[in-house]
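structure23.cif (mmCIF, C-alpha atoms and all ligand atoms; chains and numbers go by the auth columns)
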```
data_model
loop_
_atom_site.group_PDB
_atom_site.id
_atom_site.type_symbol
_atom_site.label_atom_id
_atom_site.label_comp_id
_atom_site.label_asym_id
_atom_site.label_seq_id
_atom_site.Cartn_x
_atom_site.Cartn_y
_atom_site.Cartn_z
_atom_site.B_iso_or_equiv
_atom_site.auth_seq_id
_atom_site.auth_asym_id
ATOM 1 C CA MET A 1 -22.782 13.201 9.945 0.00 1 A
ATOM 2 C CA ASN A 2 -24.381 12.282 6.662 0.00 2 A
ATOM 3 C CA GLN A 3 -24.220 8.922 4.982 0.00 3 A
ATOM 4 C CA LEU A 4 -21.118 9.686 2.932 0.00 4 A
ATOM 5 C CA SER A 5 -18.971 10.915 5.808 0.00 5 A
ATOM 6 C CA ILE A 6 -16.325 8.505 7.065 0.00 6 A
ATOM 7 C CA PRO A 7 -17.229 7.606 10.671 0.00 7 A
ATOM 8 C CA GLU A 8 -13.653 7.895 11.993 0.00 8 A
ATOM 9 C CA PHE A 9 -12.999 11.134 10.072 0.00 9 A
ATOM 10 C CA PRO A 10 -16.351 12.960 9.943 0.00 10 A
ATOM 11 C CA ASP A 11 -14.822 15.945 8.146 0.00 11 A
ATOM 12 C CA LEU A 12 -13.899 13.710 5.198 0.00 12 A
ATOM 13 C CA GLN A 13 -16.503 12.874 2.577 0.00 13 A
ATOM 14 C CA ILE A 14 -16.071 9.680 0.606 0.00 14 A
ATOM 15 C CA GLY A 15 -14.874 10.502 -2.879 0.00 15 A
ATOM 16 C CA THR A 16 -14.058 8.197 -5.753 0.00 16 A
ATOM 17 C CA LEU A 17 -13.801 4.440 -5.157 0.00 17 A
ATOM 18 C CA PHE A 18 -10.882 3.065 -7.163 0.00 18 A
ATOM 19 C CA CYS A 19 -10.618 -0.724 -7.269 0.00 19 A
ATOM 20 C CA ILE A 20 -7.792 -2.985 -8.413 0.00 20 A
ATOM 21 C CA GLY A 21 -8.507 -6.386 -9.941 0.00 21 A
ATOM 22 C CA ARG A 22 -6.248 -9.419 -10.418 0.00 22 A
ATOM 23 C CA ASN A 23 -3.732 -8.475 -7.740 0.00 23 A
ATOM 24 C CA TYR A 24 -3.178 -11.881 -6.090 0.00 24 A
ATOM 25 C CA ALA A 25 -1.808 -14.792 -8.129 0.00 25 A
ATOM 26 C CA ARG A 26 -4.005 -17.517 -6.590 0.00 26 A
ATOM 27 C CA HIS A 27 -7.167 -15.489 -7.101 0.00 27 A
ATOM 28 C CA ILE A 28 -6.195 -15.042 -10.748 0.00 28 A
ATOM 29 C CA GLU A 29 -5.840 -18.843 -10.947 0.00 29 A
ATOM 30 C CA GLU A 30 -9.214 -19.563 -9.338 0.00 30 A
ATOM 31 C CA MET A 31 -10.883 -17.120 -11.762 0.00 31 A
ATOM 32 C CA LYS A 32 -8.972 -18.612 -14.706 0.00 32 A
ATOM 33 C CA SER A 33 -7.889 -15.074 -15.529 0.00 33 A
ATOM 34 C CA GLU A 34 -4.529 -13.859 -16.758 0.00 34 A
ATOM 35 C CA ARG A 35 -1.922 -11.695 -15.060 0.00 35 A
ATOM 36 C CA THR A 36 -1.500 -8.199 -16.444 0.00 36 A
ATOM 37 C CA ASP A 37 1.556 -5.987 -16.826 0.00 37 A
ATOM 38 C CA GLU A 38 -0.249 -3.054 -15.230 0.00 38 A
ATOM 39 C CA PRO A 39 -2.886 -2.933 -12.472 0.00 39 A
ATOM 40 C CA VAL A 40 -6.461 -3.607 -13.647 0.00 40 A
ATOM 41 C CA VAL A 41 -8.531 -0.589 -12.563 0.00 41 A
ATOM 42 C CA PHE A 42 -12.275 -0.178 -12.186 0.00 42 A
ATOM 43 C CA LEU A 43 -14.528 2.150 -10.209 0.00 43 A
ATOM 44 C CA LYS A 44 -17.566 1.814 -7.982 0.00 44 A
ATOM 45 C CA PRO A 45 -20.117 4.530 -7.245 0.00 45 A
ATOM 46 C CA ARG A 46 -19.515 6.034 -3.826 0.00 46 A
ATOM 47 C CA SER A 47 -23.140 5.278 -2.976 0.00 47 A
ATOM 48 C CA SER A 48 -22.172 1.595 -2.807 0.00 48 A
ATOM 49 C CA VAL A 49 -20.311 2.155 0.493 0.00 49 A
ATOM 50 C CA ILE A 50 -21.775 0.870 3.749 0.00 50 A
ATOM 51 C CA PHE A 51 -20.144 0.672 7.171 0.00 51 A
ATOM 52 C CA ASN A 52 -20.063 -1.647 10.180 0.00 52 A
ATOM 53 C CA ASN A 53 -23.391 -3.277 11.061 0.00 53 A
ATOM 54 C CA GLY A 54 -24.798 -2.278 7.680 0.00 54 A
ATOM 55 C CA LYS A 55 -27.034 -4.416 5.504 0.00 55 A
ATOM 56 C CA VAL A 56 -25.947 -5.885 2.165 0.00 56 A
ATOM 57 C CA LEU A 57 -28.963 -5.950 -0.135 0.00 57 A
ATOM 58 C CA LEU A 58 -28.910 -8.734 -2.739 0.00 58 A
ATOM 59 C CA PRO A 59 -30.196 -7.391 -6.076 0.00 59 A
ATOM 60 C CA GLU A 60 -32.833 -9.365 -7.973 0.00 60 A
ATOM 61 C CA LYS A 61 -30.703 -9.318 -11.120 0.00 61 A
ATOM 62 C CA THR A 62 -28.109 -11.741 -9.743 0.00 62 A
ATOM 63 C CA ASN A 63 -28.013 -15.188 -8.138 0.00 63 A
ATOM 64 C CA ASP A 64 -24.297 -15.269 -7.424 0.00 64 A
ATOM 65 C CA VAL A 65 -22.910 -12.490 -5.202 0.00 65 A
ATOM 66 C CA HIS A 66 -19.357 -13.143 -4.002 0.00 66 A
ATOM 67 C CA HIS A 67 -17.318 -11.630 -1.170 0.00 67 A
ATOM 68 C CA GLU A 68 -13.823 -10.371 -2.019 0.00 68 A
ATOM 69 C CA VAL A 69 -11.971 -9.303 1.112 0.00 69 A
ATOM 70 C CA GLU A 70 -9.462 -6.509 0.461 0.00 70 A
ATOM 71 C CA LEU A 71 -7.099 -4.013 2.049 0.00 71 A
ATOM 72 C CA VAL A 72 -8.665 -0.575 1.612 0.00 72 A
ATOM 73 C CA LEU A 73 -6.623 2.639 1.546 0.00 73 A
ATOM 74 C CA LEU A 74 -8.045 6.043 2.459 0.00 74 A
ATOM 75 C CA ILE A 75 -6.351 8.899 0.633 0.00 75 A
ATOM 76 C CA GLY A 76 -5.592 11.950 2.782 0.00 76 A
ATOM 77 C CA LYS A 77 -4.124 14.449 0.348 0.00 77 A
ATOM 78 C CA HIS A 78 -4.170 15.728 -3.206 0.00 78 A
ATOM 79 C CA THR A 79 -2.038 13.265 -5.162 0.00 79 A
ATOM 80 C CA HIS A 80 -0.934 13.601 -8.770 0.00 80 A
ATOM 81 C CA LYS A 81 1.940 11.874 -10.547 0.00 81 A
ATOM 82 C CA VAL A 82 3.774 10.612 -7.473 0.00 82 A
ATOM 83 C CA SER A 83 6.483 7.984 -7.529 0.00 83 A
ATOM 84 C CA PRO A 84 6.122 4.764 -5.504 0.00 84 A
ATOM 85 C CA ASP A 85 8.767 5.829 -2.970 0.00 85 A
ATOM 86 C CA VAL A 86 6.608 8.703 -1.712 0.00 86 A
ATOM 87 C CA ALA A 87 3.158 7.296 -2.562 0.00 87 A
ATOM 88 C CA LEU A 88 2.363 6.029 0.948 0.00 88 A
ATOM 89 C CA ASP A 89 2.559 9.628 2.204 0.00 89 A
ATOM 90 C CA SER A 90 -0.868 9.994 0.605 0.00 90 A
ATOM 91 C CA VAL A 91 -2.464 7.289 2.764 0.00 91 A
ATOM 92 C CA LYS A 92 -4.326 8.629 5.768 0.00 92 A
ATOM 93 C CA ALA A 93 -5.788 5.357 7.018 0.00 93 A
ATOM 94 C CA VAL A 94 -6.396 1.722 6.178 0.00 94 A
ATOM 95 C CA ALA A 95 -9.390 -0.570 6.606 0.00 95 A
ATOM 96 C CA VAL A 96 -10.680 -3.964 5.657 0.00 96 A
ATOM 97 C CA GLY A 97 -13.311 -3.898 2.923 0.00 97 A
ATOM 98 C CA LEU A 98 -15.427 -6.171 0.764 0.00 98 A
ATOM 99 C CA ASP A 99 -15.514 -5.742 -3.001 0.00 99 A
ATOM 100 C CA LEU A 100 -18.862 -7.473 -3.433 0.00 100 A
ATOM 101 C CA THR A 101 -19.295 -8.810 -6.944 0.00 101 A
ATOM 102 C CA ALA A 102 -22.240 -10.234 -8.874 0.00 102 A
ATOM 103 C CA ARG A 103 -20.133 -12.981 -10.426 0.00 103 A
ATOM 104 C CA ASP A 104 -22.768 -14.075 -12.947 0.00 104 A
ATOM 105 C CA ILE A 105 -23.170 -10.546 -14.307 0.00 105 A
ATOM 106 C CA GLN A 106 -19.401 -10.067 -14.337 0.00 106 A
ATOM 107 C CA ALA A 107 -18.886 -13.351 -16.238 0.00 107 A
ATOM 108 C CA ARG A 108 -21.347 -12.280 -18.930 0.00 108 A
ATOM 109 C CA ALA A 109 -19.605 -8.896 -19.242 0.00 109 A
ATOM 110 C CA LYS A 110 -16.171 -10.542 -19.465 0.00 110 A
ATOM 111 C CA GLN A 111 -17.402 -12.873 -22.200 0.00 111 A
ATOM 112 C CA LYS A 112 -18.462 -9.903 -24.278 0.00 112 A
ATOM 113 C CA GLY A 113 -15.401 -7.814 -23.423 0.00 113 A
ATOM 114 C CA LEU A 114 -17.611 -5.273 -21.654 0.00 114 A
ATOM 115 C CA PRO A 115 -16.902 -3.273 -18.461 0.00 115 A
ATOM 116 C CA TRP A 116 -17.489 -4.787 -15.008 0.00 116 A
ATOM 117 C CA THR A 117 -19.313 -1.792 -13.588 0.00 117 A
ATOM 118 C CA LEU A 118 -22.800 -3.290 -13.410 0.00 118 A
ATOM 119 C CA SER A 119 -21.542 -6.333 -11.507 0.00 119 A
ATOM 120 C CA LYS A 120 -19.547 -4.323 -8.979 0.00 120 A
ATOM 121 C CA GLY A 121 -21.455 -1.135 -8.294 0.00 121 A
ATOM 122 C CA PHE A 122 -24.785 -2.119 -6.787 0.00 122 A
ATOM 123 C CA HIS A 123 -26.003 -0.221 -3.753 0.00 123 A
ATOM 124 C CA THR A 124 -24.333 -1.697 -0.594 0.00 124 A
ATOM 125 C CA PHE A 125 -21.648 -3.529 -2.631 0.00 125 A
ATOM 126 C CA ALA A 126 -18.698 -1.775 -0.950 0.00 126 A
ATOM 127 C CA PRO A 127 -18.775 -2.458 2.808 0.00 127 A
ATOM 128 C CA VAL A 128 -15.786 -1.031 4.711 0.00 128 A
ATOM 129 C CA GLY A 129 -14.721 -1.568 8.308 0.00 129 A
ATOM 130 C CA ASN A 130 -13.289 0.998 10.694 0.00 130 A
ATOM 131 C CA PHE A 131 -10.454 3.095 9.263 0.00 131 A
ATOM 132 C CA ALA A 132 -7.235 2.996 11.322 0.00 132 A
ATOM 133 C CA GLU A 133 -4.765 5.829 10.910 0.00 133 A
ATOM 134 C CA LEU A 134 -1.621 4.704 9.113 0.00 134 A
ATOM 135 C CA ARG A 135 1.230 4.661 11.627 0.00 135 A
ATOM 136 C CA ASP A 136 4.948 4.180 11.150 0.00 136 A
ATOM 137 C CA ASN A 137 4.888 0.746 12.745 0.00 137 A
ATOM 138 C CA PHE A 138 2.362 -0.617 10.227 0.00 138 A
ATOM 139 C CA ASP A 139 3.912 -2.746 7.542 0.00 139 A
ATOM 140 C CA ILE A 140 1.163 -2.218 5.020 0.00 140 A
ATOM 141 C CA GLN A 141 2.541 -5.054 2.846 0.00 141 A
ATOM 142 C CA ASN A 142 2.483 -7.633 5.616 0.00 142 A
ATOM 143 C CA LEU A 143 -1.051 -7.605 6.982 0.00 143 A
ATOM 144 C CA ASP A 144 -3.297 -10.637 7.329 0.00 144 A
ATOM 145 C CA LEU A 145 -6.777 -10.270 5.923 0.00 145 A
ATOM 146 C CA TRP A 146 -9.621 -12.703 6.329 0.00 146 A
ATOM 147 C CA VAL A 147 -13.345 -13.099 5.891 0.00 147 A
ATOM 148 C CA LYS A 148 -15.794 -15.418 7.632 0.00 148 A
ATOM 149 C CA VAL A 149 -19.346 -16.198 6.588 0.00 149 A
ATOM 150 C CA ASN A 150 -21.556 -17.352 9.492 0.00 150 A
ATOM 151 C CA GLY A 151 -18.376 -17.946 11.495 0.00 151 A
ATOM 152 C CA GLU A 152 -16.693 -20.115 8.836 0.00 152 A
ATOM 153 C CA THR A 153 -13.412 -18.857 7.349 0.00 153 A
ATOM 154 C CA ARG A 154 -13.697 -18.426 3.587 0.00 154 A
ATOM 155 C CA GLN A 155 -10.658 -16.303 2.719 0.00 155 A
ATOM 156 C CA HIS A 156 -7.404 -15.846 4.620 0.00 156 A
ATOM 157 C CA GLY A 157 -4.544 -14.065 2.898 0.00 157 A
ATOM 158 C CA ASN A 158 -1.769 -11.584 3.499 0.00 158 A
ATOM 159 C CA THR A 159 -0.986 -8.330 1.749 0.00 159 A
ATOM 160 C CA SER A 160 2.558 -9.600 1.151 0.00 160 A
ATOM 161 C CA MET A 161 1.011 -11.648 -1.677 0.00 161 A
ATOM 162 C CA MET A 162 -0.134 -8.603 -3.646 0.00 162 A
ATOM 163 C CA LEU A 163 1.346 -8.462 -7.156 0.00 163 A
ATOM 164 C CA PHE A 164 1.284 -4.650 -7.184 0.00 164 A
ATOM 165 C CA THR A 165 2.043 -3.067 -3.797 0.00 165 A
ATOM 166 C CA SER A 166 -0.049 -0.306 -2.278 0.00 166 A
ATOM 167 C CA ALA A 167 2.660 2.219 -3.186 0.00 167 A
ATOM 168 C CA GLU A 168 2.795 0.984 -6.786 0.00 168 A
ATOM 169 C CA ILE A 169 -0.995 1.134 -7.066 0.00 169 A
ATOM 170 C CA ILE A 170 -1.175 4.720 -5.789 0.00 170 A
ATOM 171 C CA SER A 171 1.666 5.773 -8.059 0.00 171 A
ATOM 172 C CA PHE A 172 0.009 4.097 -11.039 0.00 172 A
ATOM 173 C CA LEU A 173 -3.417 5.630 -10.352 0.00 173 A
ATOM 174 C CA SER A 174 -1.850 9.052 -9.851 0.00 174 A
ATOM 175 C CA GLN A 175 -0.277 8.961 -13.313 0.00 175 A
ATOM 176 C CA HIS A 176 -3.774 8.726 -14.829 0.00 176 A
ATOM 177 C CA PHE A 177 -6.032 10.456 -12.321 0.00 177 A
ATOM 178 C CA ILE A 178 -5.876 13.012 -9.556 0.00 178 A
ATOM 179 C CA LEU A 179 -6.499 11.465 -6.166 0.00 179 A
ATOM 180 C CA ASN A 180 -8.130 13.597 -3.494 0.00 180 A
ATOM 181 C CA PRO A 181 -8.765 13.380 0.253 0.00 181 A
ATOM 182 C CA GLY A 182 -11.634 10.968 0.855 0.00 182 A
ATOM 183 C CA ASP A 183 -10.913 8.792 -2.176 0.00 183 A
ATOM 184 C CA ILE A 184 -10.597 5.137 -1.296 0.00 184 A
ATOM 185 C CA ILE A 185 -8.757 2.314 -3.038 0.00 185 A
ATOM 186 C CA PHE A 186 -9.678 -1.384 -2.920 0.00 186 A
ATOM 187 C CA THR A 187 -6.409 -3.221 -3.557 0.00 187 A
ATOM 188 C CA GLY A 188 -7.578 -6.644 -4.763 0.00 188 A
ATOM 189 C CA THR A 189 -8.497 -9.964 -3.168 0.00 189 A
ATOM 190 C CA PRO A 190 -6.680 -13.217 -2.360 0.00 190 A
ATOM 191 C CA GLU A 191 -8.132 -16.618 -3.288 0.00 191 A
ATOM 192 C CA GLY A 192 -11.201 -18.187 -1.703 0.00 192 A
ATOM 193 C CA VAL A 193 -14.008 -15.996 -3.004 0.00 193 A
ATOM 194 C CA SER A 194 -17.419 -17.594 -2.567 0.00 194 A
ATOM 195 C CA ARG A 195 -21.117 -16.956 -2.689 0.00 195 A
ATOM 196 C CA VAL A 196 -23.160 -15.267 0.025 0.00 196 A
ATOM 197 C CA LYS A 197 -26.905 -15.619 0.490 0.00 197 A
ATOM 198 C CA ALA A 198 -29.703 -13.881 2.332 0.00 198 A
ATOM 199 C CA GLY A 199 -29.446 -14.394 6.088 0.00 199 A
ATOM 200 C CA ASP A 200 -25.646 -14.665 6.090 0.00 200 A
ATOM 201 C CA THR A 201 -23.480 -12.680 8.488 0.00 201 A
ATOM 202 C CA ILE A 202 -20.152 -11.622 6.968 0.00 202 A
ATOM 203 C CA GLU A 203 -17.228 -10.715 9.227 0.00 203 A
ATOM 204 C CA ALA A 204 -13.836 -9.540 8.021 0.00 204 A
ATOM 205 C CA GLY A 205 -10.603 -8.388 9.611 0.00 205 A
ATOM 206 C CA LEU A 206 -7.257 -6.796 8.843 0.00 206 A
ATOM 207 C CA GLY A 207 -3.987 -7.337 10.708 0.00 207 A
ATOM 208 C CA ASP A 208 -3.938 -7.647 14.496 0.00 208 A
ATOM 209 C CA HIS A 209 -7.335 -6.019 15.157 0.00 209 A
ATOM 210 C CA ILE A 210 -6.406 -3.024 12.996 0.00 210 A
ATOM 211 C CA SER A 211 -9.779 -3.003 11.284 0.00 211 A
ATOM 212 C CA SER A 212 -12.855 -5.189 11.497 0.00 212 A
ATOM 213 C CA LEU A 213 -16.141 -5.370 9.660 0.00 213 A
ATOM 214 C CA LYS A 214 -19.491 -7.053 10.251 0.00 214 A
ATOM 215 C CA VAL A 215 -22.425 -6.803 7.843 0.00 215 A
ATOM 216 C CA TYR A 216 -25.669 -8.684 7.322 0.00 216 A
ATOM 217 C CA VAL A 217 -26.909 -10.020 3.988 0.00 217 A
ATOM 218 C CA GLN A 218 -30.572 -9.501 3.098 0.00 218 A
ATOM 219 C CA SER A 219 -32.638 -10.209 0.002 0.00 219 A
HETATM 220 MG MG MG B . -11.880 -7.166 -5.973 0.00 301 A
#
```
Could you quickly redo this structure as structure tokens?
Amino acid sequence: MNQLSIPEFPDLQIGTLFCIGRNYARHIEEMKSERTDEPVVFLKPRSSVIFNNGKVLLPEKTNDVHHEVELVLLIGKHTHKVSPDVALDSVKAVAVGLDLTARDIQARAKQKGLPWTLSKGFHTFAPVGNFAELRDNFDIQNLDLWVKVNGETRQHGNTSMMLFTSAEIISFLSQHFILNPGDIIFTGTPEGVSRVKAGDTIEAGLGDHISSLKVYVQS
């Protein structure tokens, strides 16, 4: 298994990382951002993925790295121009993930109207927990998600609060791009984002022990 294989599905290589921003109303409020009519889309390099027990490396260029806990979808089939009513057929598995963000770099980019890529794509900035196969009894739009830093709860939300559902996100992405097996989608974060520092242990979870994640922050 090489570094880009998915531990639970070793035959699948991680592909493109699609990320959705501004998908929970209270997070939009805490960021003083505005709601959008369509999902806000950005990408991360696939080399930013790390798995359970991995190390988050804080870059020198930032003093303000934030956790954003998110539902992560693993795409299992070629998907192009699908409607929302069939879009979940493309999901092979789900996981909890962290869209780590250098908030200071992102704020400077936002001010200038520039892309967020540099703030979001650092090496180790996309930790994902174990992927759990999507089963019929999952209600993907009613899953708790939470993150703790050094045992203290920082974010606790539910996917029912998403402004664009998983199906709507996949349908939207598939109108613009072709999704392929191994692609993963970060679906946005609820409120409560906060800074992490070297020495912190970050734990995150999805649903009733569906997926869990533990990573260690280092300078
Ligand atoms: Mg995010």
Could you make a table, as a tab-separated table, of the residues of range 53-85 of chain A that have an atom within 12 Å of an atom of range 173-193 of chain A, each with its nearest atom pair and distance in Å to one decimal, counting only C-alpha atoms, in chain and number order?
```
residue	atom	partner	partner_atom	distance
A:Asp64	CA	A:Val193	CA	11.2
A:Val65	CA	A:Val193	CA	9.8
A:His66	CA	A:Val193	CA	6.1
A:His67	CA	A:Val193	CA	5.8
A:Glu68	CA	A:Thr189	CA	5.5
A:Val69	CA	A:Thr189	CA	5.6
A:Glu70	CA	A:Thr189	CA	5.1
A:Leu71	CA	A:Thr187	CA	5.7
A:Val72	CA	A:Phe186	CA	4.7
A:Leu73	CA	A:Ile185	CA	5.1
A:Leu74	CA	A:Ile184	CA	4.6
A:Ile75	CA	A:Pro181	CA	5.1
A:Gly76	CA	A:Pro181	CA	4.3
A:Lys77	CA	A:Pro181	CA	4.8
A:His78	CA	A:Asn180	CA	4.5
A:Thr79	CA	A:Leu179	CA	4.9
A:His80	CA	A:Ser174	CA	4.8
A:Lys81	CA	A:Gln175	CA	4.6
A:Val82	CA	A:Ser174	CA	6.3
A:Ser83	CA	A:Ser174	CA	8.7
A:Pro84	CA	A:Ser174	CA	10.0
```
Could you write those residues out with C-alpha atoms, as a short mmCIF file (atom, residue, chain, number, x, y, z; two decimals), in the coordinates of the input?
```
data_model
loop_
_atom_site.label_atom_id
_atom_site.label_comp_id
_atom_site.auth_asym_id
_atom_site.auth_seq_id
_atom_site.Cartn_x
_atom_site.Cartn_y
_atom_site.Cartn_z
CA ASP A 64 -24.30 -15.27 -7.42
CA VAL A 65 -22.91 -12.49 -5.20
CA HIS A 66 -19.36 -13.14 -4.00
CA HIS A 67 -17.32 -11.63 -1.17
CA GLU A 68 -13.82 -10.37 -2.02
CA VAL A 69 -11.97 -9.30 1.11
CA GLU A 70 -9.46 -6.51 0.46
CA LEU A 71 -7.10 -4.01 2.05
CA VAL A 72 -8.66 -0.57 1.61
CA LEU A 73 -6.62 2.64 1.55
CA LEU A 74 -8.04 6.04 2.46
CA ILE A 75 -6.35 8.90 0.63
CA GLY A 76 -5.59 11.95 2.78
CA LYS A 77 -4.12 14.45 0.35
CA HIS A 78 -4.17 15.73 -3.21
CA THR A 79 -2.04 13.26 -5.16
CA HIS A 80 -0.93 13.60 -8.77
CA LYS A 81 1.94 11.87 -10.55
CA VAL A 82 3.77 10.61 -7.47
CA SER A 83 6.48 7.98 -7.53
CA PRO A 84 6.12 4.76 -5.50
#
```
Q) To one decimal place, how far is CA of Gly157 in chain A from CA of Glu133 in chain A in Å? A)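 Between these atoms lies a distance of 21.4 Å.
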**Q.** Output check: residues returned by the PyMOL selection byres (((chain A and resi 142) around 9) and not hetatm), as a list of chain:residue names
**A.**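 Listing what the PyMOL selection byres (((chain A and resi 142) around 9) and not hetatm) selects in the shown file: A:Phe138, A:Asp139, A:Ile140, A:Gln141, A:Leu143, A:Asp144, A:Asn158, A:Thr159, A:Ser160, A:Met161, A:Gly207.
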Q: Between CA of Glu34 in chain A and CA of Ala102 in chain A, measure the distance and give it in Å to one decimal.
A: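 Distance between the two atoms: 19.7 Å.
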Q. Which one is closest to Ile28 in chain A: A:Ser194, A:Glu203, A:Leu163, A:Lys112? Count only C-alpha atoms.
A.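 Of the candidates, the smallest distance to Ile28 in chain A is held by A:Leu163.
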**Q.** Closest of A:Ile105, A:Leu98, A:Ile50, A:Val217 to Cys19 in chain A - atom-to-atom distances counting all atoms listed in the file
**A.** A:Leu98
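Closest approach to Gly151 in chain A from the set A:Lys61, A:His209, A:Lys214, A:Arg35 is made by A:Lys214, with distances taken over only C-alpha atoms.
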Q: Please measure the separation of CA of Thr101 in chain A and CA of Leu12 in chain A, giving the value in Å to one decimal.
A: 26.1 Å
Q.
Counting only C-alpha atoms, which residue out of A:Asp99, A:Glu168, A:Asp11, A:Asp104 sits closest to Val147 in chain A?
A. A:Asp99
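Ranking A:Asn63, A:Asn150, A:Ser219, A:Thr201 by their shortest atom-to-atom distance to Ser119 in chain A, with all atoms listed in the file included, puts A:Asn63 first.
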Q: Can you pull out every residue within 9 Å of Ala198 in chain A, counting all atoms listed in the file, but drop anything in the same chain fewer than 2 positions away, and send it as an NGL selection string?
A: :A and (56-58 or 196 or 200-201 or 216-219)
Q | Selected residue of minimal separation from ligand MG 301 (chain A) among A:Gln106, A:Ser90, A:Asn53, A:Gln13, counting all atoms listed in the file | A | A:Gln106
